[in-house]
file query.pdb (PDB, C-alpha atoms)
ATOM      1  CA  MET A   1      20.134  25.185   9.704  1.00  0.00           C
ATOM      2  CA  LYS A   2      16.807  26.965  10.229  1.00  0.00           C
ATOM      3  CA  LEU A   3      14.973  28.003  13.392  1.00  0.00           C
ATOM      4  CA  ILE A   4      11.187  28.075  12.899  1.00  0.00           C
ATOM      5  CA  VAL A   5       9.193  29.557  15.777  1.00  0.00           C
ATOM      6  CA  GLY A   6       5.428  29.503  16.209  1.00  0.00           C
ATOM      7  CA  LEU A   7       4.032  31.986  18.739  1.00  0.00           C
ATOM      8  CA  GLY A   8       1.184  31.279  21.125  1.00  0.00           C
ATOM      9  CA  ASN A   9       0.215  30.725  24.747  1.00  0.00           C
ATOM     10  CA  PRO A  10       0.784  27.471  26.643  1.00  0.00           C
ATOM     11  CA  GLY A  11      -1.952  25.444  28.322  1.00  0.00           C
ATOM     12  CA  ASN A  12      -5.337  23.977  27.489  1.00  0.00           C
ATOM     13  CA  ASP A  13      -7.130  27.267  28.157  1.00  0.00           C
ATOM     14  CA  TYR A  14      -5.534  28.726  25.018  1.00  0.00           C
ATOM     15  CA  SER A  15      -5.431  25.644  22.811  1.00  0.00           C
ATOM     16  CA  ARG A  16      -6.857  26.279  19.325  1.00  0.00           C
ATOM     17  CA  THR A  17      -7.544  29.970  19.983  1.00  0.00           C
ATOM     18  CA  ARG A  18      -6.924  32.575  17.280  1.00  0.00           C
ATOM     19  CA  HIS A  19      -3.985  33.778  19.291  1.00  0.00           C
ATOM     20  CA  ASN A  20      -2.302  30.368  18.908  1.00  0.00           C
ATOM     21  CA  ALA A  21      -2.254  30.217  15.114  1.00  0.00           C
ATOM     22  CA  GLY A  22       1.560  30.124  15.195  1.00  0.00           C
ATOM     23  CA  PHE A  23       1.480  27.059  17.436  1.00  0.00           C
ATOM     24  CA  MET A  24      -0.966  25.371  15.049  1.00  0.00           C
ATOM     25  CA  VAL A  25       1.343  25.809  12.063  1.00  0.00           C
ATOM     26  CA  VAL A  26       4.367  24.466  13.936  1.00  0.00           C
ATOM     27  CA  ASP A  27       2.260  21.541  15.153  1.00  0.00           C
ATOM     28  CA  ARG A  28       1.625  20.672  11.500  1.00  0.00           C
ATOM     29  CA  LEU A  29       5.342  20.817  10.738  1.00  0.00           C
ATOM     30  CA  MET A  30       6.161  18.686  13.776  1.00  0.00           C
ATOM     31  CA  SER A  31       3.609  16.058  12.798  1.00  0.00           C
ATOM     32  CA  LYS A  32       4.781  15.910   9.189  1.00  0.00           C
ATOM     33  CA  HIS A  33       8.536  16.012   9.667  1.00  0.00           C
ATOM     34  CA  ALA A  34       9.108  14.638  13.156  1.00  0.00           C
ATOM     35  CA  GLY A  35       6.170  12.391  13.941  1.00  0.00           C
ATOM     36  CA  GLY A  36       6.870  10.234  16.958  1.00  0.00           C
ATOM     37  CA  VAL A  37       9.865  12.303  18.076  1.00  0.00           C
ATOM     38  CA  ILE A  38       9.739  13.210  21.756  1.00  0.00           C
ATOM     39  CA  PRO A  39       9.826  17.005  22.215  1.00  0.00           C
ATOM     40  CA  LYS A  40      12.578  18.577  24.293  1.00  0.00           C
ATOM     41  CA  SER A  41      12.057  21.249  26.925  1.00  0.00           C
ATOM     42  CA  ARG A  42      14.658  23.965  26.329  1.00  0.00           C
ATOM     43  CA  PHE A  43      14.993  27.656  25.497  1.00  0.00           C
ATOM     44  CA  GLN A  44      11.914  28.295  27.700  1.00  0.00           C
ATOM     45  CA  GLY A  45       9.860  26.374  25.201  1.00  0.00           C
ATOM     46  CA  VAL A  46       9.137  23.061  23.510  1.00  0.00           C
ATOM     47  CA  THR A  47      11.415  22.068  20.624  1.00  0.00           C
ATOM     48  CA  ILE A  48      11.709  19.271  18.103  1.00  0.00           C
ATOM     49  CA  ASP A  49      14.631  18.674  15.764  1.00  0.00           C
ATOM     50  CA  ALA A  50      13.447  17.891  12.238  1.00  0.00           C
ATOM     51  CA  SER A  51      14.819  17.501   8.746  1.00  0.00           C
ATOM     52  CA  ILE A  52      12.992  19.562   6.122  1.00  0.00           C
ATOM     53  CA  ALA A  53      14.131  19.364   2.497  1.00  0.00           C
ATOM     54  CA  GLY A  54      17.315  17.721   3.744  1.00  0.00           C
ATOM     55  CA  GLU A  55      18.184  20.594   6.071  1.00  0.00           C
ATOM     56  CA  LYS A  56      18.309  20.495   9.854  1.00  0.00           C
ATOM     57  CA  CYS A  57      15.555  22.574  11.434  1.00  0.00           C
ATOM     58  CA  VAL A  58      14.621  23.313  15.014  1.00  0.00           C
ATOM     59  CA  LEU A  59      10.886  23.825  15.525  1.00  0.00           C
ATOM     60  CA  LEU A  60      10.177  25.919  18.621  1.00  0.00           C
ATOM     61  CA  LYS A  61       7.003  26.787  20.556  1.00  0.00           C
ATOM     62  CA  PRO A  62       7.801  29.243  23.383  1.00  0.00           C
ATOM     63  CA  THR A  63       5.998  28.501  26.657  1.00  0.00           C
ATOM     64  CA  THR A  64       6.632  31.915  28.186  1.00  0.00           C
ATOM     65  CA  PHE A  65       3.242  33.455  27.331  1.00  0.00           C
ATOM     66  CA  MET A  66       3.079  35.766  24.372  1.00  0.00           C
ATOM     67  CA  ASN A  67       4.495  38.970  25.831  1.00  0.00           C
ATOM     68  CA  LEU A  68       7.708  37.177  26.897  1.00  0.00           C
ATOM     69  CA  SER A  69       8.307  35.333  23.613  1.00  0.00           C
ATOM     70  CA  GLY A  70      11.576  37.173  23.061  1.00  0.00           C
ATOM     71  CA  GLN A  71      13.166  35.409  26.036  1.00  0.00           C
ATOM     72  CA  SER A  72      12.710  32.036  24.342  1.00  0.00           C
ATOM     73  CA  VAL A  73      13.595  33.186  20.831  1.00  0.00           C
ATOM     74  CA  GLY A  74      16.654  35.110  22.018  1.00  0.00           C
ATOM     75  CA  GLU A  75      18.056  32.090  23.856  1.00  0.00           C
ATOM     76  CA  ALA A  76      17.661  29.834  20.814  1.00  0.00           C
ATOM     77  CA  VAL A  77      19.100  32.412  18.409  1.00  0.00           C
ATOM     78  CA  ARG A  78      22.193  32.896  20.564  1.00  0.00           C
ATOM     79  CA  PHE A  79      22.696  29.175  21.170  1.00  0.00           C
ATOM     80  CA  PHE A  80      22.579  28.240  17.470  1.00  0.00           C
ATOM     81  CA  LYS A  81      24.206  31.485  16.266  1.00  0.00           C
ATOM     82  CA  ILE A  82      21.304  32.051  13.890  1.00  0.00           C
ATOM     83  CA  ASP A  83      21.580  34.518  11.020  1.00  0.00           C
ATOM     84  CA  LEU A  84      18.412  36.557  11.497  1.00  0.00           C
ATOM     85  CA  ALA A  85      17.861  37.423   7.842  1.00  0.00           C
ATOM     86  CA  THR A  86      18.153  33.914   6.416  1.00  0.00           C
ATOM     87  CA  GLU A  87      17.798  31.314   9.163  1.00  0.00           C
ATOM     88  CA  LEU A  88      14.965  32.536  11.423  1.00  0.00           C
ATOM     89  CA  LEU A  89      11.225  32.431  10.678  1.00  0.00           C
ATOM     90  CA  ILE A  90       8.624  33.648  13.193  1.00  0.00           C
ATOM     91  CA  ILE A  91       5.032  32.457  12.616  1.00  0.00           C
ATOM     92  CA  VAL A  92       2.425  34.664  14.252  1.00  0.00           C
ATOM     93  CA  ASP A  93      -1.314  35.377  14.251  1.00  0.00           C
ATOM     94  CA  GLU A  94      -2.467  38.569  12.535  1.00  0.00           C
ATOM     95  CA  LEU A  95      -5.756  40.197  13.508  1.00  0.00           C
ATOM     96  CA  TYR A  96      -5.775  42.501  10.483  1.00  0.00           C
ATOM     97  CA  LEU A  97      -5.617  39.701   7.936  1.00  0.00           C
ATOM     98  CA  SER A  98      -8.699  37.689   7.177  1.00  0.00           C
ATOM     99  CA  ILE A  99      -8.908  33.982   7.890  1.00  0.00           C
ATOM    100  CA  GLY A 100      -7.526  32.151   4.869  1.00  0.00           C
ATOM    101  CA  SER A 101      -4.795  34.738   4.266  1.00  0.00           C
ATOM    102  CA  ILE A 102      -1.089  34.532   5.021  1.00  0.00           C
ATOM    103  CA  ARG A 103       1.648  37.106   4.448  1.00  0.00           C
ATOM    104  CA  LEU A 104       5.414  36.735   4.562  1.00  0.00           C
ATOM    105  CA  ARG A 105       7.653  39.730   5.216  1.00  0.00           C
ATOM    106  CA  ALA A 106      11.425  40.119   5.504  1.00  0.00           C
ATOM    107  CA  SER A 107      11.181  42.706   8.286  1.00  0.00           C
ATOM    108  CA  GLY A 108       8.871  45.325   9.712  1.00  0.00           C
ATOM    109  CA  GLY A 109       7.242  46.700  12.807  1.00  0.00           C
ATOM    110  CA  SER A 110       5.339  44.795  15.452  1.00  0.00           C
ATOM    111  CA  GLY A 111       1.911  46.113  14.507  1.00  0.00           C
ATOM    112  CA  GLY A 112       1.185  46.288  18.240  1.00  0.00           C
ATOM    113  CA  HIS A 113       1.686  42.542  18.616  1.00  0.00           C
ATOM    114  CA  ASN A 114       3.232  41.920  22.040  1.00  0.00           C
ATOM    115  CA  GLY A 115       5.032  38.768  20.934  1.00  0.00           C
ATOM    116  CA  LEU A 116       6.809  40.630  18.138  1.00  0.00           C
ATOM    117  CA  ILE A 117       7.491  43.578  20.435  1.00  0.00           C
ATOM    118  CA  ASP A 118       9.328  41.314  22.857  1.00  0.00           C
ATOM    119  CA  ILE A 119      11.222  39.508  20.092  1.00  0.00           C
ATOM    120  CA  GLN A 120      12.409  42.853  18.720  1.00  0.00           C
ATOM    121  CA  ARG A 121      13.525  43.798  22.230  1.00  0.00           C
ATOM    122  CA  ALA A 122      15.451  40.540  22.647  1.00  0.00           C
ATOM    123  CA  LEU A 123      17.078  40.598  19.208  1.00  0.00           C
ATOM    124  CA  GLY A 124      17.693  44.341  19.066  1.00  0.00           C
ATOM    125  CA  THR A 125      16.181  44.584  15.577  1.00  0.00           C
ATOM    126  CA  ASP A 126      12.977  44.064  13.619  1.00  0.00           C
ATOM    127  CA  SER A 127      14.892  42.743  10.605  1.00  0.00           C
ATOM    128  CA  TYR A 128      13.905  39.092  10.657  1.00  0.00           C
ATOM    129  CA  PRO A 129      11.376  37.174   8.514  1.00  0.00           C
ATOM    130  CA  ARG A 130       7.893  36.714   9.881  1.00  0.00           C
ATOM    131  CA  LEU A 131       4.933  34.771   8.516  1.00  0.00           C
ATOM    132  CA  ARG A 132       1.592  36.261   9.525  1.00  0.00           C
ATOM    133  CA  VAL A 133      -1.480  34.012   9.606  1.00  0.00           C
ATOM    134  CA  GLY A 134      -4.822  35.801   9.337  1.00  0.00           C
ATOM    135  CA  VAL A 135      -7.284  35.335  12.198  1.00  0.00           C
ATOM    136  CA  GLY A 136      -9.574  38.334  11.620  1.00  0.00           C
ATOM    137  CA  VAL A 137     -13.067  38.515  10.177  1.00  0.00           C
ATOM    138  CA  GLY A 138     -14.135  40.333   7.024  1.00  0.00           C
ATOM    139  CA  SER A 139     -12.139  40.999   3.883  1.00  0.00           C
ATOM    140  CA  ASN A 140      -9.530  43.095   5.719  1.00  0.00           C
ATOM    141  CA  GLY A 141      -9.526  41.204   8.994  1.00  0.00           C
ATOM    142  CA  GLY A 142     -10.275  42.878  12.289  1.00  0.00           C
ATOM    143  CA  LYS A 143     -12.689  41.980  15.056  1.00  0.00           C
ATOM    144  CA  PRO A 144     -16.485  42.154  15.322  1.00  0.00           C
ATOM    145  CA  SER A 145     -17.523  45.621  16.459  1.00  0.00           C
ATOM    146  CA  HIS A 146     -19.311  44.316  19.546  1.00  0.00           C
ATOM    147  CA  MET A 147     -16.303  42.402  20.899  1.00  0.00           C
ATOM    148  CA  ASP A 148     -13.326  43.535  22.933  1.00  0.00           C
ATOM    149  CA  GLN A 149     -10.083  42.914  21.061  1.00  0.00           C
ATOM    150  CA  ALA A 150      -8.537  40.828  23.847  1.00  0.00           C
ATOM    151  CA  ASP A 151     -11.635  38.643  24.076  1.00  0.00           C
ATOM    152  CA  PHE A 152     -11.665  38.143  20.329  1.00  0.00           C
ATOM    153  CA  VAL A 153      -8.053  37.032  19.915  1.00  0.00           C
ATOM    154  CA  LEU A 154      -8.453  34.656  22.856  1.00  0.00           C
ATOM    155  CA  SER A 155     -11.606  33.134  21.353  1.00  0.00           C
ATOM    156  CA  ARG A 156     -11.666  29.910  19.391  1.00  0.00           C
ATOM    157  CA  PHE A 157     -12.530  29.723  15.723  1.00  0.00           C
ATOM    158  CA  ALA A 158     -16.171  29.304  14.799  1.00  0.00           C
ATOM    159  CA  PRO A 159     -17.286  26.125  12.980  1.00  0.00           C
ATOM    160  CA  ASP A 160     -18.050  28.001   9.758  1.00  0.00           C
ATOM    161  CA  GLU A 161     -14.473  29.331   9.659  1.00  0.00           C
ATOM    162  CA  ALA A 162     -12.984  25.834   9.460  1.00  0.00           C
ATOM    163  CA  ALA A 163     -13.222  25.655   5.666  1.00  0.00           C
ATOM    164  CA  HIS A 164     -10.782  28.578   5.451  1.00  0.00           C
ATOM    165  CA  LEU A 165      -8.682  27.961   8.547  1.00  0.00           C
ATOM    166  CA  GLY A 166      -7.433  24.456   7.736  1.00  0.00           C
ATOM    167  CA  PRO A 167      -6.175  25.303   4.236  1.00  0.00           C
ATOM    168  CA  ALA A 168      -4.550  28.495   5.541  1.00  0.00           C
ATOM    169  CA  LEU A 169      -2.622  26.576   8.199  1.00  0.00           C
ATOM    170  CA  ASP A 170      -1.561  24.037   5.579  1.00  0.00           C
ATOM    171  CA  ARG A 171      -0.479  26.862   3.277  1.00  0.00           C
ATOM    172  CA  ALA A 172       1.521  28.455   6.080  1.00  0.00           C
ATOM    173  CA  ALA A 173       3.240  25.117   6.747  1.00  0.00           C
ATOM    174  CA  ASP A 174       4.008  24.825   3.023  1.00  0.00           C
ATOM    175  CA  ALA A 175       5.441  28.360   3.045  1.00  0.00           C
ATOM    176  CA  SER A 176       7.661  27.436   5.986  1.00  0.00           C
ATOM    177  CA  GLU A 177       8.985  24.445   4.063  1.00  0.00           C
ATOM    178  CA  CYS A 178       9.627  26.646   1.014  1.00  0.00           C
ATOM    179  CA  PHE A 179      11.514  29.108   3.207  1.00  0.00           C
ATOM    180  CA  VAL A 180      13.800  26.265   4.278  1.00  0.00           C
ATOM    181  CA  SER A 181      14.388  24.866   0.808  1.00  0.00           C
ATOM    182  CA  LYS A 182      14.314  27.953  -1.449  1.00  0.00           C
ATOM    183  CA  GLY A 183      14.855  30.984   0.750  1.00  0.00           C
ATOM    184  CA  LEU A 184      12.852  34.063   1.620  1.00  0.00           C
ATOM    185  CA  ALA A 185      12.536  35.809  -1.760  1.00  0.00           C
ATOM    186  CA  ALA A 186      11.242  32.736  -3.587  1.00  0.00           C
ATOM    187  CA  THR A 187       8.805  32.011  -0.771  1.00  0.00           C
ATOM    188  CA  MET A 188       7.413  35.541  -0.812  1.00  0.00           C
ATOM    189  CA  ASN A 189       6.901  35.332  -4.576  1.00  0.00           C
ATOM    190  CA  ALA A 190       5.101  32.021  -4.277  1.00  0.00           C
ATOM    191  CA  PHE A 191       2.936  32.599  -1.205  1.00  0.00           C
ATOM    192  CA  ASN A 192       2.088  36.302  -1.067  1.00  0.00           C
ATOM    193  CA  ALA A 193      -0.512  35.891  -3.814  1.00  0.00           C
ATOM    194  CA  PRO A 194      -4.214  36.659  -3.129  1.00  0.00           C
ATOM    195  CA  GLU A 195      -6.175  33.985  -1.278  1.00  0.00           C
ATOM    196  CA  PRO A 196      -9.880  33.072  -1.419  1.00  0.00           C
ATOM    197  CA  ALA A 197     -12.379  35.495   0.093  1.00  0.00           C
ATOM    198  CA  ALA A 198     -12.785  35.256   3.839  1.00  0.00           C
ATOM    199  CA  PRO A 199     -15.958  33.730   5.298  1.00  0.00           C
ATOM    200  CA  LYS A 200     -18.719  35.996   6.576  1.00  0.00           C
ATOM    201  CA  LEU A 201     -18.964  35.158  10.253  1.00  0.00           C
ATOM    202  CA  ALA A 202     -22.257  35.480  12.084  1.00  0.00           C
ATOM    203  CA  ALA A 203     -21.898  36.926  15.564  1.00  0.00           C
ATOM    204  CA  SER A 204     -23.884  34.010  16.973  1.00  0.00           C
ATOM    205  CA  ASN A 205     -21.235  31.580  15.726  1.00  0.00           C
ATOM    206  CA  LEU A 206     -18.338  33.093  17.650  1.00  0.00           C
ATOM    207  CA  VAL A 207     -16.842  30.687  20.146  1.00  0.00           C
ATOM    208  CA  LYS A 208     -16.446  32.220  23.617  1.00  0.00           C
ATOM    209  CA  PRO A 209     -12.964  33.397  24.636  1.00  0.00           C
ATOM    210  CA  ALA A 210     -10.623  31.067  26.422  1.00  0.00           C
ATOM    211  CA  LYS A 211     -10.686  31.260  30.190  1.00  0.00           C
ATOM    212  CA  THR A 212      -7.828  33.467  31.274  1.00  0.00           C
ATOM    213  CA  ALA A 213      -5.563  31.450  33.549  1.00  0.00           C
ATOM    214  CA  ALA A 214      -3.798  33.014  36.505  1.00  0.00           C
ATOM    215  CA  THR A 215      -0.408  34.287  35.430  1.00  0.00           C
ATOM    216  CA  SER A 216       2.573  35.907  37.043  1.00  0.00           C
ATOM    217  CA  PRO A 217       2.765  39.719  36.908  1.00  0.00           C
ATOM    218  CA  ASN A 218       4.870  39.550  33.750  1.00  0.00           C
ATOM    219  CA  GLN A 219       2.799  37.010  31.835  1.00  0.00           C
ATOM    220  CA  ASN A 220       0.177  38.396  29.484  1.00  0.00           C
ATOM    221  CA  PRO A 221      -1.752  36.053  27.166  1.00  0.00           C
ATOM    222  CA  VAL A 222      -3.058  38.836  24.920  1.00  0.00           C
ATOM    223  CA  ASN A 223      -1.187  39.519  21.717  1.00  0.00           C
ATOM    224  CA  GLN A 224      -2.295  43.007  20.744  1.00  0.00           C
ATOM    225  CA  ASN A 225      -1.863  46.167  22.804  1.00  0.00           C
ATOM    226  CA  ASN A 226      -5.253  46.299  24.435  1.00  0.00           C
ATOM    227  CA  GLN A 227      -7.000  49.529  25.386  1.00  0.00           C
ATOM    228  CA  LYS A 228      -9.867  48.668  27.738  1.00  0.00           C
ATOM    229  CA  PRO A 229     -12.013  51.224  29.566  1.00  0.00           C
ATOM    230  CA  SER A 230     -10.655  49.815  32.832  1.00  0.00           C
ATOM    231  CA  THR A 231      -7.021  50.525  31.955  1.00  0.00           C
ATOM    232  CA  GLN A 232      -5.236  52.099  34.903  1.00  0.00           C
ATOM    233  CA  THR A 233      -2.435  54.618  35.046  1.00  0.00           C
ATOM    234  CA  ASN A 234       0.805  54.387  36.969  1.00  0.00           C
ATOM    235  CA  GLN A 235       0.589  57.564  39.004  1.00  0.00           C
ATOM    236  CA  SER A 236       4.339  57.833  39.481  1.00  0.00           C
ATOM    237  CA  SER A 237       5.352  57.416  35.862  1.00  0.00           C
ATOM    238  CA  GLY A 238       2.247  58.154  33.825  1.00  0.00           C
ATOM    239  CA  ASP A 239       2.627  54.814  32.005  1.00  0.00           C
ATOM    240  CA  ARG A 240      -0.545  52.988  31.003  1.00  0.00           C
ATOM    241  CA  LEU A 241      -0.933  49.616  32.749  1.00  0.00           C
ATOM    242  CA  ASP A 242      -2.226  46.567  30.927  1.00  0.00           C
ATOM    243  CA  PRO A 243      -5.245  45.370  32.962  1.00  0.00           C
ATOM    244  CA  LEU A 244      -4.443  41.734  32.184  1.00  0.00           C
ATOM    245  CA  SER A 245      -0.800  41.760  33.220  1.00  0.00           C
ATOM    246  CA  GLY A 246      -0.338  44.719  35.561  1.00  0.00           C
ATOM    247  CA  SER A 247       2.708  45.679  33.494  1.00  0.00           C
ATOM    248  CA  SER A 248       3.274  48.934  31.655  1.00  0.00           C
ATOM    249  CA  VAL A 249       2.069  48.733  28.077  1.00  0.00           C
ATOM    250  CA  ILE A 250       4.701  49.525  25.468  1.00  0.00           C
ATOM    251  CA  LYS A 251       3.495  52.384  23.333  1.00  0.00           C
TER     252      LYS A 251
END
call {"tool": "encode", "arguments": {"input": "query.pdb", "output": "structure tokens"}}
result
Amino acid sequence: MKLIVGLGNPGNDYSRTRHNAGFMVVDRLMSKHAGGVIPKSRFQGVTIDASIAGEKCVLLKPTTFMNLSGQSVGEAVRFFKIDLATELLIIVDELYLSIGSIRLRASGGSGGHNGLIDIQRALGTDSYPRLRVGVGVGSNGGKPSHMDQADFVLSRFAPDEAAHLGPALDRAADASECFVSKGLAATMNAFNAPEPAAPKLAASNLVKPAKTAATSPNQNPVNQNNQKPSTQTNQSSGDRLDPLSGSSVIK
């Protein structure tokens, strides 16, 4: 059995944003392998049982908001007794990869990504496979210099990025299927090859960020640790507070 998790934020405000690239890949897998199946609400998320390459898979989209993704993933891992090294795949957006690029890794740090930070907290390790889907601009990813990082990752893809985005999501779905059927090493060999050059995105083509919905004090829709000029400090502890969540930012 395999547990395939796509990270993102729930709700129409965040639909199709860069931040929800993980959701988009899992949506492709759900449509292809479990079309017509009614999703279940469990593990603080939406799940569908599917058969991929003859193997049972659970496709999971946490609905906790990004910075609480570990709550959902941890519940599912414990329930199914998942082997982290061979049976779990986390699909996540990556600002510092260009659109059109994907990268599969067996383990590694969070890179400041709050979803991965919380998953590492819940699992007690960073040794689990993750598939990063590029959402940045330029050959090495990143954000436009004039935009705040939080605004950029919560923005939707520009029309001229579609030619690279669609194939990248398809490629990520194919990599997920290969992970199920052939394992991690074979998938890394097949899918960590160079991709086509990223599109040059004009600033005028950027789609405005999603409207930030009201959240509880612990829910933060932003995926990267965000250092805004308005960041406040907890006077009693010295911790930096995330201006979008009111919670201490993990350093």
call {"tool": "atom_distance", "arguments": {"input": "query.pdb", "atom1": "atom CA of Glu161 of chain A", "atom2": "atom CA of Val135 of chain A"}}
result
9.7 Å
call {"tool": "resolve_selection", "arguments": {"input": "query.pdb", "expression": "the PyMOL selection byres ((chain A and resi 173) around 8)", "output": "list in words"}}
result
Val25, Val26, Arg28, Leu29, Leu169, Asp170, Arg171, Ala172, Asp174, Ala175, Ser176 and Glu177 of chain A
call {"tool": "write_last_selection", "arguments": {"input": "query.pdb", "atoms": "C-alpha atoms", "output": "compact mmCIF listing (two decimals), in the frame of the given file"}}
result
# COMPACT_ATOMS: atom_id res chain seq x y z
CA VAL A 25 1.34 25.81 12.06
CA VAL A 26 4.37 24.47 13.94
CA ARG A 28 1.62 20.67 11.50
CA LEU A 29 5.34 20.82 10.74
CA LEU A 169 -2.62 26.58 8.20
CA ASP A 170 -1.56 24.04 5.58
CA ARG A 171 -0.48 26.86 3.28
CA ALA A 172 1.52 28.46 6.08
CA ASP A 174 4.01 24.82 3.02
CA ALA A 175 5.44 28.36 3.04
CA SER A 176 7.66 27.44 5.99
CA GLU A 177 8.98 24.44 4.06
call {"tool": "closest_residue", "arguments": {"input": "query.pdb", "among": "A:Gln219, A:Thr63, A:Ser155, A:Ser127", "to": "Asp13 of chain A", "atoms": "all atoms listed in the file"}}
result
A:Ser155
call {"tool": "closest_residue", "arguments": {"input": "query.pdb", "among": "A:His33, A:His146, A:Arg103, A:Lys61", "to": "Gly45 of chain A", "atoms": "all atoms listed in the file"}}
result
A:Lys61
call {"tool": "residues_near_point", "arguments": {"input": "query.pdb", "point": "(16.0, 32.2, 21.8)", "cutoff": "10 Å", "atoms": "only C-alpha atoms", "output": "list in words"}}
result
Leu3, Val5, Arg42, Phe43, Gln44, Gly45, Leu60, Pro62, Ser69, Gly70, Gln71, Ser72, Val73, Gly74, Glu75, Ala76, Val77, Arg78, Phe79, Phe80, Lys81, Ile82, Ile119, Ala122 and Leu123 of chain A
call {"tool": "write_last_selection", "arguments": {"input": "query.pdb", "atoms": "C-alpha atoms", "output": "PDB file, in the coordinates of the input"}}
result
ATOM      1  CA  LEU A   3      14.973  28.003  13.392  1.00  0.00           C
ATOM      2  CA  VAL A   5       9.193  29.557  15.777  1.00  0.00           C
ATOM      3  CA  ARG A  42      14.658  23.965  26.329  1.00  0.00           C
ATOM      4  CA  PHE A  43      14.993  27.656  25.497  1.00  0.00           C
ATOM      5  CA  GLN A  44      11.914  28.295  27.700  1.00  0.00           C
ATOM      6  CA  GLY A  45       9.860  26.374  25.201  1.00  0.00           C
ATOM      7  CA  LEU A  60      10.177  25.919  18.621  1.00  0.00           C
ATOM      8  CA  PRO A  62       7.801  29.243  23.383  1.00  0.00           C
ATOM      9  CA  SER A  69       8.307  35.333  23.613  1.00  0.00           C
ATOM     10  CA  GLY A  70      11.576  37.173  23.061  1.00  0.00           C
ATOM     11  CA  GLN A  71      13.166  35.409  26.036  1.00  0.00           C
ATOM     12  CA  SER A  72      12.710  32.036  24.342  1.00  0.00           C
ATOM     13  CA  VAL A  73      13.595  33.186  20.831  1.00  0.00           C
ATOM     14  CA  GLY A  74      16.654  35.110  22.018  1.00  0.00           C
ATOM     15  CA  GLU A  75      18.056  32.090  23.856  1.00  0.00           C
ATOM     16  CA  ALA A  76      17.661  29.834  20.814  1.00  0.00           C
ATOM     17  CA  VAL A  77      19.100  32.412  18.409  1.00  0.00           C
ATOM     18  CA  ARG A  78      22.193  32.896  20.564  1.00  0.00           C
ATOM     19  CA  PHE A  79      22.696  29.175  21.170  1.00  0.00           C
ATOM     20  CA  PHE A  80      22.579  28.240  17.470  1.00  0.00           C
ATOM     21  CA  LYS A  81      24.206  31.485  16.266  1.00  0.00           C
ATOM     22  CA  ILE A  82      21.304  32.051  13.890  1.00  0.00           C
ATOM     23  CA  ILE A 119      11.222  39.508  20.092  1.00  0.00           C
ATOM     24  CA  ALA A 122      15.451  40.540  22.647  1.00  0.00           C
ATOM     25  CA  LEU A 123      17.078  40.598  19.208  1.00  0.00           C
TER      26      LEU A 123
END
call {"tool": "closest_residue", "arguments": {"input": "query.pdb", "among": "A:Gly6, A:Gly35, A:Pro221, A:Pro167", "to": "Asn114 of chain A", "atoms": "all atoms listed in the file"}}
result
A:Pro221
call {"tool": "axis_aligned_box", "arguments": {"input": "query.pdb", "around": "segment 15-25 of chain A", "padding_each_side": "5 Å", "output": "JSON"}}
result
{"center_x": -3.0, "center_y": 29.6, "center_z": 17.4, "size_x": 19.1, "size_y": 18.4, "size_z": 20.7}
call {"tool": "residues_around", "arguments": {"input": "query.pdb", "residues": "Gly8 of chain A", "least_positions_apart": "2", "cutoff": "10 Å", "atoms": "all atoms listed in the file", "output": "ChimeraX atom specification"}}
result
/A:5-6,10-11,14-24,61-67,69,91-93,115,221-223
call {"tool": "resolve_selection", "arguments": {"input": "query.pdb", "expression": "the PyMOL selection byres ((chain A and resi 189-192) around 9)", "output": "list of chain:residue names"}}
result
A:Ser101, A:Ile102, A:Arg103, A:Leu104, A:Arg171, A:Ala172, A:Asp174, A:Ala175, A:Cys178, A:Leu184, A:Ala185, A:Ala186, A:Thr187, A:Met188, A:Ala193, A:Pro194, A:Glu195
call {"tool": "resolve_selection", "arguments": {"input": "query.pdb", "expression": "the PyMOL selection byres ((chain A and resi 49-51) around 10)", "output": "VMD selection string"}}
result
chain A and resid 1 to 3 29 to 30 32 to 35 37 to 40 47 to 48 52 to 60 180
call {"tool": "atom_distance", "arguments": {"input": "query.pdb", "atom1": "atom CA of Pro129 of chain A", "atom2": "atom CA of Pro144 of chain A"}}
result
29.1 Å
call {"tool": "residues_near_point", "arguments": {"input": "query.pdb", "point": "(0.5, 49.4, 10.6)", "cutoff": "12 Å", "atoms": "only C-alpha atoms", "output": "ChimeraX atom specification"}}
result
/A:94-97,108-113
call {"tool": "build_atoms", "arguments": {"input": "query.pdb", "residues": "segment 74-80 of chain A", "atoms": "N, CA and C atoms", "output": "PDB file, in the frame of the given file"}}
result
ATOM      1  N   GLY A  74      15.297  34.609  21.845  1.00  0.00           N
ATOM      2  CA  GLY A  74      16.654  35.110  22.018  1.00  0.00           C
ATOM      3  C   GLY A  74      17.621  34.028  22.466  1.00  0.00           C
ATOM      4  N   GLU A  75      17.194  33.179  23.391  1.00  0.00           N
ATOM      5  CA  GLU A  75      18.056  32.090  23.856  1.00  0.00           C
ATOM      6  C   GLU A  75      18.417  31.149  22.710  1.00  0.00           C
ATOM      7  N   ALA A  76      17.414  30.769  21.917  1.00  0.00           N
ATOM      8  CA  ALA A  76      17.661  29.834  20.814  1.00  0.00           C
ATOM      9  C   ALA A  76      18.545  30.455  19.737  1.00  0.00           C
ATOM     10  N   VAL A  77      18.297  31.718  19.429  1.00  0.00           N
ATOM     11  CA  VAL A  77      19.100  32.412  18.409  1.00  0.00           C
ATOM     12  C   VAL A  77      20.564  32.475  18.828  1.00  0.00           C
ATOM     13  N   ARG A  78      20.811  32.802  20.084  1.00  0.00           N
ATOM     14  CA  ARG A  78      22.193  32.896  20.564  1.00  0.00           C
ATOM     15  C   ARG A  78      22.860  31.522  20.626  1.00  0.00           C
ATOM     16  N   PHE A  79      22.119  30.519  21.043  1.00  0.00           N
ATOM     17  CA  PHE A  79      22.696  29.175  21.170  1.00  0.00           C
ATOM     18  C   PHE A  79      23.132  28.630  19.810  1.00  0.00           C
ATOM     19  N   PHE A  80      22.279  28.794  18.794  1.00  0.00           N
ATOM     20  CA  PHE A  80      22.579  28.240  17.470  1.00  0.00           C
ATOM     21  C   PHE A  80      23.312  29.218  16.562  1.00  0.00           C
TER      22      PHE A  80
END
